[in-house]
$ cat data_5.tsv   # TSV, C-alpha atoms
chain	number	residue	atom	x	y	z
A	1458	MET	CA	-95.67	-53.45	4.74
A	1459	GLN	CA	-99.04	-52.43	6.09
A	1460	GLN	CA	-99.63	-49.17	7.85
A	1461	GLU	CA	-102.55	-49.10	10.25
A	1462	HIS	CA	-104.07	-45.74	11.03
A	1463	ARG	CA	-107.10	-44.38	12.80
A	1464	GLN	CA	-108.61	-41.17	11.54
A	1465	ALA	CA	-109.27	-38.34	13.99
A	1466	LYS	CA	-112.63	-38.92	15.60
A	1467	SER	CA	-115.71	-35.78	15.46
A	1468	GLY	CA	-121.24	-33.29	14.85
A	1469	ARG	CA	-124.18	-32.69	16.85
A	1470	ALA	CA	-125.95	-34.29	19.78
A	1471	GLY	CA	-129.14	-36.36	19.74
A	1472	SER	CA	-131.19	-38.20	22.31
A	1473	GLY	CA	-134.11	-40.58	22.86
A	1474	THR	CA	-137.39	-39.68	24.50
A	1475	GLY	CA	-139.62	-41.16	27.15
A	1476	ARG	CA	-142.68	-40.34	25.06
A	1477	ALA	CA	-142.30	-43.58	23.12
A	1478	ALA	CA	-144.41	-45.54	25.60
A	1479	LEU	CA	-147.27	-43.02	25.28
A	1480	ALA	CA	-147.00	-43.17	21.51
A	1481	ALA	CA	-147.00	-46.96	21.54
A	1482	ALA	CA	-150.21	-47.08	23.57
A	1483	ALA	CA	-151.83	-44.59	21.22
A	1484	VAL	CA	-150.68	-46.60	18.23
A	1485	MET	CA	-152.29	-49.75	19.61
A	1486	LEU	CA	-155.59	-47.91	20.14
A	1487	ALA	CA	-155.44	-46.30	16.69
A	1488	LEU	CA	-154.69	-49.65	15.05
A	1489	THR	CA	-157.86	-51.05	16.55
A	1490	VAL	CA	-160.06	-48.08	15.66
A	1491	TRP	CA	-158.59	-46.53	12.48
A	1492	GLY	CA	-156.08	-48.92	10.96
A	1493	ARG	CA	-152.37	-48.87	10.26
A	1494	GLY	CA	-151.89	-45.60	8.35
A	1495	PRO	CA	-153.56	-43.23	10.86
A	1496	ALA	CA	-151.95	-45.16	13.71
A	1497	LEU	CA	-148.43	-44.56	12.45
A	1498	ALA	CA	-149.25	-40.93	11.73
A	1499	LEU	CA	-150.48	-40.54	15.31
A	1500	ALA	CA	-147.23	-42.01	16.63
A	1501	GLY	CA	-145.26	-39.48	14.62
A	1502	ALA	CA	-147.35	-36.61	15.95
A	1503	LEU	CA	-146.94	-37.74	19.54
A	1504	VAL	CA	-143.25	-38.53	19.50
A	1505	GLY	CA	-141.83	-36.09	16.96
A	1506	PRO	CA	-138.52	-36.33	15.07
A	1507	LEU	CA	-136.58	-38.01	17.85
A	1508	PRO	CA	-134.74	-41.37	18.08
A	1509	ALA	CA	-137.57	-42.94	20.07
A	1510	LEU	CA	-139.97	-42.28	17.18
A	1511	ARG	CA	-138.51	-45.32	15.46
A	1512	THR	CA	-139.34	-47.50	18.48
A	1513	ALA	CA	-142.94	-46.29	18.58
A	1514	LEU	CA	-143.42	-46.82	14.87
A	1515	GLU	CA	-141.97	-50.31	15.07
A	1516	TRP	CA	-144.35	-51.23	17.85
A	1517	GLY	CA	-147.17	-50.11	15.56
A	1518	ARG	CA	-145.83	-52.10	12.61
A	1519	GLN	CA	-145.43	-55.23	14.70
A	1520	ALA	CA	-148.98	-54.91	16.05
A	1521	ALA	CA	-150.16	-54.56	12.45
A	1522	GLY	CA	-148.46	-57.81	11.56
A	1523	GLU	CA	-145.62	-56.26	9.55
A	1524	ALA	CA	-141.97	-57.21	9.78
A	1525	PRO	CA	-139.79	-54.72	11.70
A	1526	ALA	CA	-138.10	-52.18	9.46
A	1527	ALA	CA	-134.34	-52.53	9.04
A	1528	GLY	CA	-132.52	-50.28	11.47
A	1529	SER	CA	-135.16	-50.19	14.17
A	1530	ALA	CA	-134.53	-50.60	17.85
A	1531	GLY	CA	-137.72	-52.62	18.09
A	1532	GLU	CA	-139.23	-54.09	21.22
A	1533	ALA	CA	-137.96	-56.88	23.42
A	1534	PRO	CA	-139.92	-60.13	23.05
A	1535	ALA	CA	-142.63	-60.73	25.61
A	1536	SER	CA	-141.57	-64.24	26.60
A	1537	SER	CA	-140.05	-64.64	30.05
A	1538	THR	CA	-137.29	-67.01	28.94
A	1539	ALA	CA	-134.97	-65.98	26.12
A	1540	PRO	CA	-134.35	-68.63	23.48
A	1541	ALA	CA	-130.84	-69.57	22.46
A	1542	PRO	CA	-129.78	-66.85	19.98
A	1543	THR	CA	-129.12	-69.07	16.98
A	1544	LEU	CA	-129.10	-67.45	13.56
A	1545	ASP	CA	-131.04	-68.61	10.55
A	1546	PRO	CA	-128.38	-68.58	7.78
A	1547	THR	CA	-130.79	-66.59	5.61
A	1548	ALA	CA	-131.63	-64.03	8.32
A	1549	ILE	CA	-129.06	-61.55	7.03
A	1550	GLU	CA	-130.62	-61.50	3.56
A	1551	ARG	CA	-133.17	-58.80	4.35
A	1552	TYR	CA	-130.36	-56.39	5.21
A	1553	LEU	CA	-128.02	-57.00	2.30
A	1554	VAL	CA	-127.80	-54.46	-0.53
A	1555	PRO	CA	-126.99	-54.75	-4.26
A	1556	LEU	CA	-123.28	-54.17	-4.89
A	1557	LEU	CA	-121.38	-52.99	-7.95
A	1558	THR	CA	-119.97	-55.81	-10.07
A	1559	ASP	CA	-116.74	-55.99	-12.04
A	1560	ALA	CA	-118.69	-54.77	-15.07
A	1561	ASP	CA	-118.94	-51.42	-13.21
A	1562	LYS	CA	-115.21	-51.25	-12.43
A	1563	PRO	CA	-113.53	-48.12	-13.83
A	1564	ALA	CA	-110.05	-48.31	-15.34
A	1565	ASP	CA	-108.55	-46.24	-12.53
A	1566	ALA	CA	-110.17	-48.16	-9.65
A	1567	GLY	CA	-108.16	-48.58	-6.47
A	1568	ALA	CA	-106.93	-51.99	-5.34
A	1569	VAL	CA	-108.13	-54.01	-2.35
A	1570	THR	CA	-106.48	-57.05	-0.81
A	1571	GLU	CA	-108.06	-59.48	1.64
A	1572	THR	CA	-106.39	-60.87	4.73
A	1573	SER	CA	-107.37	-62.76	7.87
A	1574	TYR	CA	-105.73	-61.65	11.10
A	1575	GLY	CA	-104.90	-64.37	13.59
A	1576	GLN	CA	-105.05	-64.17	17.36
A	1577	GLY	CA	-101.34	-63.53	17.87
A	1578	SER	CA	-98.91	-65.03	20.34
A	1579	GLY	CA	-96.11	-63.93	22.58
A	1580	GLU	CA	-95.78	-61.81	25.69
A	1581	LYS	CA	-98.16	-59.08	24.46
A	1582	TYR	CA	-101.06	-61.51	23.94
A	1583	ILE	CA	-103.21	-62.79	26.79
A	1584	ALA	CA	-105.72	-65.58	26.22
A	1585	CYS	CA	-109.41	-65.02	26.93
A	1586	ALA	CA	-111.26	-68.22	26.12
A	1587	ALA	CA	-110.95	-68.73	22.34
A	1588	GLY	CA	-109.72	-65.16	21.75
A	1589	THR	CA	-106.82	-63.00	22.86
A	1590	ILE	CA	-106.09	-59.55	24.24
A	1591	LYS	CA	-103.22	-57.52	22.80
A	1592	ASN	CA	-101.81	-55.71	25.80
A	1593	ASN	CA	-100.30	-52.36	24.81
A	1594	THR	CA	-100.16	-51.08	28.39
A	1595	SER	CA	-97.76	-51.40	31.29
A	1596	VAL	CA	-100.26	-53.55	33.19
A	1597	SER	CA	-98.66	-56.96	33.59
A	1598	ALA	CA	-99.93	-59.90	31.59
A	1599	ALA	CA	-100.53	-61.75	34.84
A	1600	GLU	CA	-102.73	-58.93	36.15
A	1601	VAL	CA	-104.73	-58.77	32.93
A	1602	ALA	CA	-105.17	-62.54	32.89
A	1603	ALA	CA	-106.39	-62.49	36.49
A	1604	GLU	CA	-108.76	-59.58	35.94
A	1605	VAL	CA	-110.59	-61.15	33.01
A	1606	GLN	CA	-111.44	-64.18	35.14
A	1607	ASN	CA	-113.75	-61.99	37.22
A	1608	PRO	CA	-117.49	-61.86	36.43
A	1609	LEU	CA	-119.11	-59.10	34.43
A	1610	PRO	CA	-119.70	-55.98	36.57
A	1611	PHE	CA	-123.31	-55.69	35.41
A	1612	SER	CA	-126.25	-57.97	34.71
A	1613	ILE	CA	-128.61	-57.73	31.77
A	1614	GLU	CA	-132.33	-58.02	32.47
A	1615	LEU	CA	-133.85	-60.08	29.69
A	1616	ASN	CA	-137.17	-59.03	28.16
A	1617	SER	CA	-137.12	-55.84	30.18
A	1618	PRO	CA	-139.36	-52.88	29.32
A	1619	ASP	CA	-136.35	-50.73	30.22
A	1620	PRO	CA	-133.41	-50.33	27.81
A	1621	GLN	CA	-130.31	-52.36	28.69
A	1622	VAL	CA	-127.99	-51.54	25.77
A	1623	LEU	CA	-127.27	-48.40	23.76
A	1624	ILE	CA	-125.62	-48.57	20.33
A	1625	MET	CA	-124.26	-45.31	18.95
A	1626	HIS	CA	-121.62	-44.01	16.56
A	1627	THR	CA	-119.01	-41.34	17.23
A	1628	HIS	CA	-117.97	-41.61	13.57
A	1629	ALA	CA	-121.32	-42.41	12.02
A	1630	THR	CA	-120.31	-41.30	8.51
A	1631	GLU	CA	-117.63	-43.98	8.20
A	1632	CYS	CA	-118.67	-46.37	5.43
A	1633	TYR	CA	-117.60	-49.25	3.22
A	1634	ARG	CA	-116.97	-50.12	-0.40
A	1635	PRO	CA	-120.06	-50.48	-2.58
A	1636	ALA	CA	-118.30	-53.06	-4.80
A	1637	GLU	CA	-118.46	-56.83	-4.81
A	1638	GLY	CA	-114.97	-57.26	-6.28
A	1639	LEU	CA	-111.61	-56.32	-4.77
A	1640	TRP	CA	-111.55	-52.70	-5.90
A	1641	PHE	CA	-112.81	-49.28	-4.85
A	1642	LEU	CA	-113.96	-46.27	-6.80
A	1643	PRO	CA	-111.42	-43.51	-7.47
A	1644	GLY	CA	-111.85	-40.61	-5.07
A	1645	ASP	CA	-113.80	-42.75	-2.62
A	1646	GLY	CA	-113.29	-41.08	0.77
A	1647	ALA	CA	-115.12	-43.90	2.61
A	1648	ARG	CA	-117.54	-41.44	4.24
A	1649	THR	CA	-121.22	-40.81	3.66
A	1650	THR	CA	-124.13	-39.17	5.46
A	1651	ASP	CA	-126.47	-41.83	4.04
A	1652	ARG	CA	-127.55	-43.81	7.08
A	1653	ALA	CA	-128.46	-46.77	4.89
A	1654	ALA	CA	-124.79	-47.08	3.86
A	1655	ASN	CA	-122.73	-45.85	6.82
A	1656	MET	CA	-122.16	-47.13	10.37
A	1657	CYS	CA	-125.83	-46.58	11.21
A	1658	ALA	CA	-126.74	-49.45	8.88
A	1659	VAL	CA	-124.43	-51.80	10.79
A	1660	GLY	CA	-125.71	-50.54	14.13
A	1661	ALA	CA	-129.29	-51.19	13.00
A	1662	VAL	CA	-128.52	-54.85	12.31
A	1663	MET	CA	-126.87	-55.17	15.71
A	1664	ALA	CA	-129.80	-53.55	17.51
A	1665	ASP	CA	-132.35	-55.74	15.73
A	1666	THR	CA	-130.36	-58.87	16.58
A	1667	LEU	CA	-130.12	-58.00	20.28
A	1668	ASN	CA	-133.78	-57.03	20.52
A	1669	ALA	CA	-134.79	-60.29	18.88
A	1670	ALA	CA	-132.89	-62.12	21.64
A	1671	GLY	CA	-134.82	-60.29	24.37
A	1672	ILE	CA	-132.17	-57.65	25.12
A	1673	HIS	CA	-133.88	-54.26	25.00
A	1674	THR	CA	-131.55	-52.15	22.86
A	1675	LEU	CA	-131.69	-48.54	21.68
A	1676	HIS	CA	-129.87	-47.31	18.58
A	1677	ASP	CA	-128.87	-43.68	18.18
A	1678	GLU	CA	-128.16	-42.51	14.62
A	1679	THR	CA	-126.76	-39.04	15.33
A	1680	LEU	CA	-124.01	-38.09	12.86
A	1681	ASN	CA	-121.58	-36.93	15.52
A	1682	ASP	CA	-118.78	-36.43	12.99
A	1683	TYR	CA	-120.76	-34.28	10.56
A	1684	PRO	CA	-120.29	-31.62	9.33
A	1685	SER	CA	-116.96	-31.58	11.19
A	1686	TYR	CA	-114.84	-34.32	12.74
A	1687	THR	CA	-113.52	-31.86	15.28
A	1688	GLY	CA	-115.23	-32.47	18.57
A	1689	SER	CA	-116.92	-35.71	17.50
A	1690	TYR	CA	-116.11	-37.45	20.78
A	1691	SER	CA	-117.44	-34.47	22.72
A	1692	ASN	CA	-120.60	-34.66	20.65
A	1693	SER	CA	-121.05	-38.38	21.16
A	1694	ARG	CA	-120.33	-38.02	24.87
A	1695	ALA	CA	-123.21	-35.57	25.19
A	1696	VAL	CA	-125.46	-38.02	23.33
A	1697	VAL	CA	-124.59	-40.91	25.63
A	1698	GLN	CA	-124.98	-38.78	28.75
A	1699	GLN	CA	-128.49	-37.79	27.64
A	1700	TYR	CA	-129.47	-41.42	27.18
A	1701	LEU	CA	-127.99	-42.46	30.52
A	1702	ALA	CA	-129.83	-39.64	32.28
A	1703	GLN	CA	-133.13	-40.60	30.66
A	1704	TYR	CA	-132.61	-44.36	30.84
A	1705	PRO	CA	-130.52	-45.24	33.93
A	1706	SER	CA	-131.29	-48.90	33.17
A	1707	ILE	CA	-128.67	-48.88	30.37
A	1708	LYS	CA	-125.72	-51.10	31.31
A	1709	VAL	CA	-123.84	-51.33	28.02
A	1710	VAL	CA	-122.79	-48.62	25.56
A	1711	LEU	CA	-121.32	-49.78	22.24
A	1712	ASP	CA	-119.59	-47.25	20.00
A	1713	VAL	CA	-119.64	-48.94	16.58
A	1714	HIS	CA	-116.96	-47.87	14.07
A	1715	ARG	CA	-114.93	-49.29	11.23
A	1716	ASP	CA	-111.14	-49.31	10.94
A	1717	ALA	CA	-108.94	-48.11	8.06
A	1718	ILE	CA	-105.91	-50.16	7.02
A	1719	GLU	CA	-103.82	-49.35	3.95
A	1720	LYS	CA	-100.56	-50.48	2.45
A	1721	GLU	CA	-97.97	-47.89	1.52
A	1722	ASP	CA	-99.01	-48.02	-2.14
A	1723	GLY	CA	-102.62	-47.11	-1.27
A	1724	THR	CA	-104.02	-50.63	-1.48
A	1725	ARG	CA	-106.82	-51.02	1.05
A	1726	VAL	CA	-106.77	-54.05	3.31
A	1727	ALA	CA	-110.01	-55.94	3.97
A	1728	PRO	CA	-109.87	-58.28	6.99
A	1729	VAL	CA	-112.29	-61.13	6.35
A	1730	ALA	CA	-113.44	-64.40	7.85
A	1731	GLU	CA	-115.71	-67.03	6.35
A	1732	VAL	CA	-118.65	-67.90	8.58
A	1733	ASN	CA	-121.26	-70.41	7.41
A	1734	GLY	CA	-120.06	-70.07	3.84
A	1735	ARG	CA	-120.35	-66.27	3.73
A	1736	LYS	CA	-117.66	-63.61	4.02
A	1737	ALA	CA	-117.80	-61.41	7.10
A	1738	ALA	CA	-115.58	-58.48	8.00
A	1739	GLN	CA	-113.33	-59.31	10.92
A	1740	VAL	CA	-114.03	-57.28	14.04
A	1741	MET	CA	-111.87	-55.81	16.79
A	1742	LEU	CA	-112.83	-54.58	20.26
A	1743	ILE	CA	-110.92	-51.64	21.77
A	1744	CYS	CA	-110.75	-51.25	25.53
A	1745	GLY	CA	-109.08	-48.24	27.14
A	1746	CYS	CA	-106.83	-48.22	30.18
A	1747	ASP	CA	-106.18	-45.54	32.78
A	1748	ASN	CA	-102.63	-44.17	32.57
A	1749	GLY	CA	-102.94	-42.07	35.71
A	1750	SER	CA	-102.73	-38.71	33.95
A	1751	THR	CA	-103.97	-37.94	30.43
A	1752	VAL	CA	-106.32	-40.92	30.25
A	1753	SER	CA	-108.67	-41.20	33.23
A	1754	LEU	CA	-110.63	-44.45	33.19
A	1755	PRO	CA	-111.22	-45.56	36.78
A	1756	ASN	CA	-113.49	-48.39	35.57
A	1757	TRP	CA	-111.07	-49.84	33.00
A	1758	ARG	CA	-110.93	-53.18	34.79
A	1759	GLN	CA	-114.67	-53.69	34.49
A	1760	ASN	CA	-114.68	-52.73	30.82
A	1761	LEU	CA	-111.79	-55.14	30.24
A	1762	ARG	CA	-113.77	-58.01	31.75
A	1763	PHE	CA	-116.60	-57.23	29.35
A	1764	ALA	CA	-114.23	-57.03	26.37
A	1765	ALA	CA	-112.65	-60.38	27.22
A	1766	ALA	CA	-116.03	-62.07	27.67
A	1767	TRP	CA	-117.42	-60.74	24.40
A	1768	GLU	CA	-114.20	-61.55	22.52
A	1769	GLY	CA	-114.31	-65.10	23.87
A	1770	ALA	CA	-117.95	-65.50	22.87
A	1771	MET	CA	-117.41	-64.22	19.33
A	1772	GLU	CA	-114.30	-66.26	18.63
A	1773	GLY	CA	-115.76	-69.34	20.29
A	1774	MET	CA	-118.91	-69.24	18.16
A	1775	TYR	CA	-117.23	-68.08	14.95
A	1776	PRO	CA	-113.55	-69.13	14.83
A	1777	GLY	CA	-111.41	-66.64	12.92
A	1778	PHE	CA	-114.03	-63.87	13.16
A	1779	THR	CA	-112.14	-61.56	15.52
A	1780	ARG	CA	-108.88	-59.73	15.70
A	1781	PRO	CA	-107.34	-59.58	19.20
A	1782	VAL	CA	-108.86	-57.08	21.64
A	1783	LEU	CA	-106.76	-53.91	21.61
A	1784	PHE	CA	-106.09	-52.97	25.24
A	1785	SER	CA	-104.36	-49.60	25.19
A	1786	TYR	CA	-104.27	-46.10	26.61
A	1787	ARG	CA	-107.38	-44.86	24.83
A	1788	PHE	CA	-110.28	-42.88	26.26
A	1789	TYR	CA	-113.23	-43.04	23.84
A	1790	ASN	CA	-115.69	-41.96	26.59
A	1791	GLN	CA	-115.37	-45.37	28.21
A	1792	ASP	CA	-115.64	-43.84	31.67
A	1793	LEU	CA	-119.41	-43.45	31.31
A	1794	THR	CA	-120.39	-47.03	32.19
A	1795	THR	CA	-118.71	-50.26	33.26
A	1796	GLY	CA	-119.90	-51.78	29.98
A	1797	SER	CA	-118.47	-49.25	27.50
A	1798	LEU	CA	-116.53	-50.56	24.51
A	1799	LEU	CA	-115.60	-49.49	21.00
A	1800	ILE	CA	-115.94	-52.10	18.26
A	1801	GLU	CA	-114.36	-51.81	14.83
A	1802	ILE	CA	-116.45	-53.65	12.23
A	1803	GLY	CA	-114.01	-54.33	9.40
A	1804	THR	CA	-112.22	-51.55	7.52
A	1805	HIS	CA	-112.78	-49.26	4.54
A	1806	GLY	CA	-111.49	-52.18	2.48
A	1807	ASN	CA	-114.51	-54.36	3.27
A	1808	ASN	CA	-117.74	-54.04	1.34
A	1809	LEU	CA	-120.98	-53.07	3.03
A	1810	ASN	CA	-122.51	-56.54	2.99
A	1811	GLU	CA	-119.47	-58.03	4.73
A	1812	ALA	CA	-119.87	-55.39	7.45
A	1813	LEU	CA	-123.61	-55.94	7.84
A	1814	TYR	CA	-123.07	-59.66	8.29
A	1815	ALA	CA	-120.29	-59.01	10.79
A	1816	GLY	CA	-122.57	-56.74	12.81
A	1817	GLN	CA	-125.16	-59.51	13.01
A	1818	LEU	CA	-122.58	-62.11	14.10
A	1819	ALA	CA	-121.05	-59.81	16.73
A	1820	ALA	CA	-124.47	-59.02	18.19
A	1821	ASN	CA	-125.52	-62.66	18.16
A	1822	ALA	CA	-122.43	-63.61	20.16
A	1823	LEU	CA	-123.19	-60.79	22.60
A	1824	ALA	CA	-126.76	-62.06	22.97
A	1825	SER	CA	-125.36	-65.52	23.64
A	1826	LEU	CA	-123.12	-64.08	26.35
A	1827	PHE	CA	-125.95	-62.18	28.01
A	1828	THR	CA	-128.55	-64.95	27.81
A	1829	GLY	CA	-126.15	-67.71	28.85
A	1830	ALA	CA	-127.11	-69.63	25.74
A	1831	GLY	CA	-123.60	-69.97	24.34

$ encode --input "data_5.tsv" --output "structure tokens"
Amino acid sequence: MQQEHRQAKSGRAGSGTGRAALAAAAVMLALTVWGRGPALALAGALVGPLPALRTALEWGRQAAGEAPAAGSAGEAPASSTAPAPTLDPTAIERYLVPLLTDADKPADAGAVTETSYGQGSGEKYIACAAGTIKNNTSVSAAEVAAEVQNPLPFSIELNSPDPQVLIMHTHATECYRPAEGLWFLPGDGARTTDRAANMCAVGAVMADTLNAAGIHTLHDETLNDYPSYTGSYSNSRAVVQQYLAQYPSIKVVLDVHRDAIEKEDGTRVAPVAEVNGRKAAQVMLICGCDNGSTVSLPNWRQNLRFAAAWEGAMEGMYPGFTRPVLFSYRFYNQDLTTGSLLIEIGTHGNNLNEALYAGQLAANALASLFTGAG
């Protein structure tokens, strides 16, 4: 029997800065006059240690003819018409990391088992294109089915100079197994402050994928759950509010997490799907619902439309990739926009490369939804 649990969600606030545009202009001038090194140094001096520094530096790198660094928000393409967001099968390679092999496996390693969750059937499950919604609320199935037929409550401006999407992490220190085989290291708490190995790494892949499709996306890497989990959702709420105040153009806020599923004997469960011959962690969207008292989400209907559309796009493009949308009485700061969702990228049973690939696939399906290319 499997027991599914979600750990209590909790850090410090961070924000972007409008100085990135000034820095970018200075970088372009410095590239022409002094070269790449002084140009990037100038960007750092102008912008400072803020999230938007990464955007300014990436603009400089791109102008210098370098590939964008992994994890950057980047810049939306300049073309007026977005191409269909199709993925080169090798595109994920630049993000993947070396994993431990079975030769590194200690005698007391923990066990991992793989599974693939289906879409489910019965009265709790409502179809949304190729996917389904698991309805854990008192809202009738008929009402949910009718609501998700409505159009998205927002529109994304392609190739906009203004940010359209924000990716952030309430539980940024959540992480994955570093092993290739079905085992995990003893004492592995599945948390790290290393942004190259935690949820920030997955968010970086997602941001790069959306930006490459012409959807201007920002990525915040604040560790809202460090040093304490307590208050992590309050911390992340403050982060999102700062971004929305500075960039009112933002329509979509994605809180990217991972799940944690264990059997009673401590075996970790890794939900996987095979996409184009490679293993990806299965993903699950979570959409909150207003219960009229303790959970106040007046815009839950609009968020639900978005969840259904994204679920349908993901499952339509990559059959078997998603678990059903969880529609339940959750809050997760989803009152802040009509495009606010939480996405679970795999579990602590998946390895990091499976999660990175899943982040790319999820973002590519979202780009397809927003560009109408799917």

$ closest_residue --input "data_5.tsv" --among "A:Thr1779, A:Tyr1574, A:Lys1591, A:Ala1560" --to "Leu1761 (chain A)" --atoms "only C-alpha atoms"
A:Lys1591

$ residues_near_point --input "data_5.tsv" --point "(-98.4, -65.9, 20.2)" --cutoff "12 Å" --atoms "all atoms listed in the file" --output "list of chain:residue names"
A:Gly1575, A:Gln1576, A:Gly1577, A:Ser1578, A:Gly1579, A:Glu1580, A:Lys1581, A:Tyr1582, A:Ile1583, A:Ala1584, A:Gly1588, A:Thr1589, A:Ile1590, A:Lys1591, A:Pro1781

$ residues_around --input "data_5.tsv" --residues "region 1740-1747 of chain A" --least-positions-apart "3" --cutoff "6 Å" --atoms "all atoms listed in the file" --output "ChimeraX atom specification"
/A:1752-1754,1757,1779-1780,1782-1788,1798-1803

$ atom_distance --input "data_5.tsv" --atom1 "CA of Asp1677 (chain A)" --atom2 "CA of Ser1612 (chain A)"
22.0 Å

$ residues_around --input "data_5.tsv" --residues "Leu1675 (chain A)" --least-positions-apart "2" --cutoff "7 Å" --atoms "all atoms listed in the file" --output "short mmCIF file (atom, residue, chain, number, x, y, z; two decimals) with C-alpha atoms, keeping the file's coordinate frame"
data_model
loop_
_atom_site.label_atom_id
_atom_site.label_comp_id
_atom_site.auth_asym_id
_atom_site.auth_seq_id
_atom_site.Cartn_x
_atom_site.Cartn_y
_atom_site.Cartn_z
CA ALA A 1530 -134.53 -50.60 17.85
CA PRO A 1620 -133.41 -50.33 27.81
CA VAL A 1622 -127.99 -51.54 25.77
CA LEU A 1623 -127.27 -48.40 23.76
CA ILE A 1624 -125.62 -48.57 20.33
CA ALA A 1664 -129.80 -53.55 17.51
CA HIS A 1673 -133.88 -54.26 25.00
CA ASP A 1677 -128.87 -43.68 18.18
#

$ closest_residue --input "data_5.tsv" --among "A:Gln1698, A:Ser1691, A:Thr1666, A:Asn1756" --to "Ala1815 (chain A)" --atoms "all atoms listed in the file"
A:Thr1666

$ atom_distance --input "data_5.tsv" --atom1 "CA of Asn1668 (chain A)" --atom2 "CA of Pro1635 (chain A)"
27.7 Å

$ build_atoms --input "data_5.tsv" --residues "region 1578-1596 of chain A" --atoms "N, CA and C atoms" --output "PDB file, keeping the file's coordinate frame"
ATOM      1  N   SER A1578     -99.532 -64.282  19.247  1.00  0.00           N
ATOM      2  CA  SER A1578     -98.910 -65.030  20.340  1.00  0.00           C
ATOM      3  C   SER A1578     -97.706 -64.255  20.836  1.00  0.00           C
ATOM      4  N   GLY A1579     -97.241 -64.628  21.997  1.00  0.00           N
ATOM      5  CA  GLY A1579     -96.110 -63.930  22.580  1.00  0.00           C
ATOM      6  C   GLY A1579     -96.508 -63.175  23.819  1.00  0.00           C
ATOM      7  N   GLU A1580     -95.559 -62.434  24.393  1.00  0.00           N
ATOM      8  CA  GLU A1580     -95.780 -61.810  25.690  1.00  0.00           C
ATOM      9  C   GLU A1580     -96.862 -60.731  25.674  1.00  0.00           C
ATOM     10  N   LYS A1581     -97.137 -60.126  24.527  1.00  0.00           N
ATOM     11  CA  LYS A1581     -98.160 -59.080  24.460  1.00  0.00           C
ATOM     12  C   LYS A1581     -99.577 -59.647  24.429  1.00  0.00           C
ATOM     13  N   TYR A1582     -99.729 -60.934  24.156  1.00  0.00           N
ATOM     14  CA  TYR A1582    -101.060 -61.510  23.940  1.00  0.00           C
ATOM     15  C   TYR A1582    -101.476 -62.372  25.122  1.00  0.00           C
ATOM     16  N   ILE A1583    -102.665 -62.067  25.645  1.00  0.00           N
ATOM     17  CA  ILE A1583    -103.210 -62.790  26.790  1.00  0.00           C
ATOM     18  C   ILE A1583    -104.471 -63.522  26.332  1.00  0.00           C
ATOM     19  N   ALA A1584    -104.567 -64.785  26.636  1.00  0.00           N
ATOM     20  CA  ALA A1584    -105.720 -65.580  26.220  1.00  0.00           C
ATOM     21  C   ALA A1584    -106.973 -65.191  26.988  1.00  0.00           C
ATOM     22  N   CYS A1585    -108.100 -65.171  26.277  1.00  0.00           N
ATOM     23  CA  CYS A1585    -109.410 -65.020  26.930  1.00  0.00           C
ATOM     24  C   CYS A1585    -110.353 -65.959  26.194  1.00  0.00           C
ATOM     25  N   ALA A1586    -110.504 -67.144  26.771  1.00  0.00           N
ATOM     26  CA  ALA A1586    -111.260 -68.220  26.120  1.00  0.00           C
ATOM     27  C   ALA A1586    -110.650 -68.464  24.743  1.00  0.00           C
ATOM     28  N   ALA A1587    -111.460 -68.432  23.682  1.00  0.00           N
ATOM     29  CA  ALA A1587    -110.950 -68.730  22.340  1.00  0.00           C
ATOM     30  C   ALA A1587    -110.217 -67.545  21.720  1.00  0.00           C
ATOM     31  N   GLY A1588    -110.351 -66.354  22.299  1.00  0.00           N
ATOM     32  CA  GLY A1588    -109.720 -65.160  21.750  1.00  0.00           C
ATOM     33  C   GLY A1588    -108.485 -64.743  22.504  1.00  0.00           C
ATOM     34  N   THR A1589    -107.983 -63.545  22.166  1.00  0.00           N
ATOM     35  CA  THR A1589    -106.820 -63.000  22.860  1.00  0.00           C
ATOM     36  C   THR A1589    -106.977 -61.499  23.050  1.00  0.00           C
ATOM     37  N   ILE A1590    -106.174 -60.988  23.983  1.00  0.00           N
ATOM     38  CA  ILE A1590    -106.090 -59.550  24.240  1.00  0.00           C
ATOM     39  C   ILE A1590    -104.674 -59.114  23.920  1.00  0.00           C
ATOM     40  N   LYS A1591    -104.532 -58.092  23.077  1.00  0.00           N
ATOM     41  CA  LYS A1591    -103.220 -57.520  22.800  1.00  0.00           C
ATOM     42  C   LYS A1591    -102.978 -56.404  23.802  1.00  0.00           C
ATOM     43  N   ASN A1592    -102.039 -56.617  24.693  1.00  0.00           N
ATOM     44  CA  ASN A1592    -101.810 -55.710  25.800  1.00  0.00           C
ATOM     45  C   ASN A1592    -100.750 -54.669  25.438  1.00  0.00           C
ATOM     46  N   ASN A1593    -101.202 -53.454  25.134  1.00  0.00           N
ATOM     47  CA  ASN A1593    -100.300 -52.360  24.810  1.00  0.00           C
ATOM     48  C   ASN A1593    -100.138 -51.397  25.979  1.00  0.00           C
ATOM     49  N   THR A1594    -100.302 -51.906  27.190  1.00  0.00           N
ATOM     50  CA  THR A1594    -100.160 -51.080  28.390  1.00  0.00           C
ATOM     51  C   THR A1594     -99.027 -51.629  29.251  1.00  0.00           C
ATOM     52  N   SER A1595     -98.779 -50.936  30.346  1.00  0.00           N
ATOM     53  CA  SER A1595     -97.760 -51.400  31.290  1.00  0.00           C
ATOM     54  C   SER A1595     -98.335 -52.331  32.351  1.00  0.00           C
ATOM     55  N   VAL A1596     -99.646 -52.581  32.279  1.00  0.00           N
ATOM     56  CA  VAL A1596    -100.260 -53.550  33.190  1.00  0.00           C
ATOM     57  C   VAL A1596     -99.702 -54.927  32.844  1.00  0.00           C
TER      58      VAL A1596
END
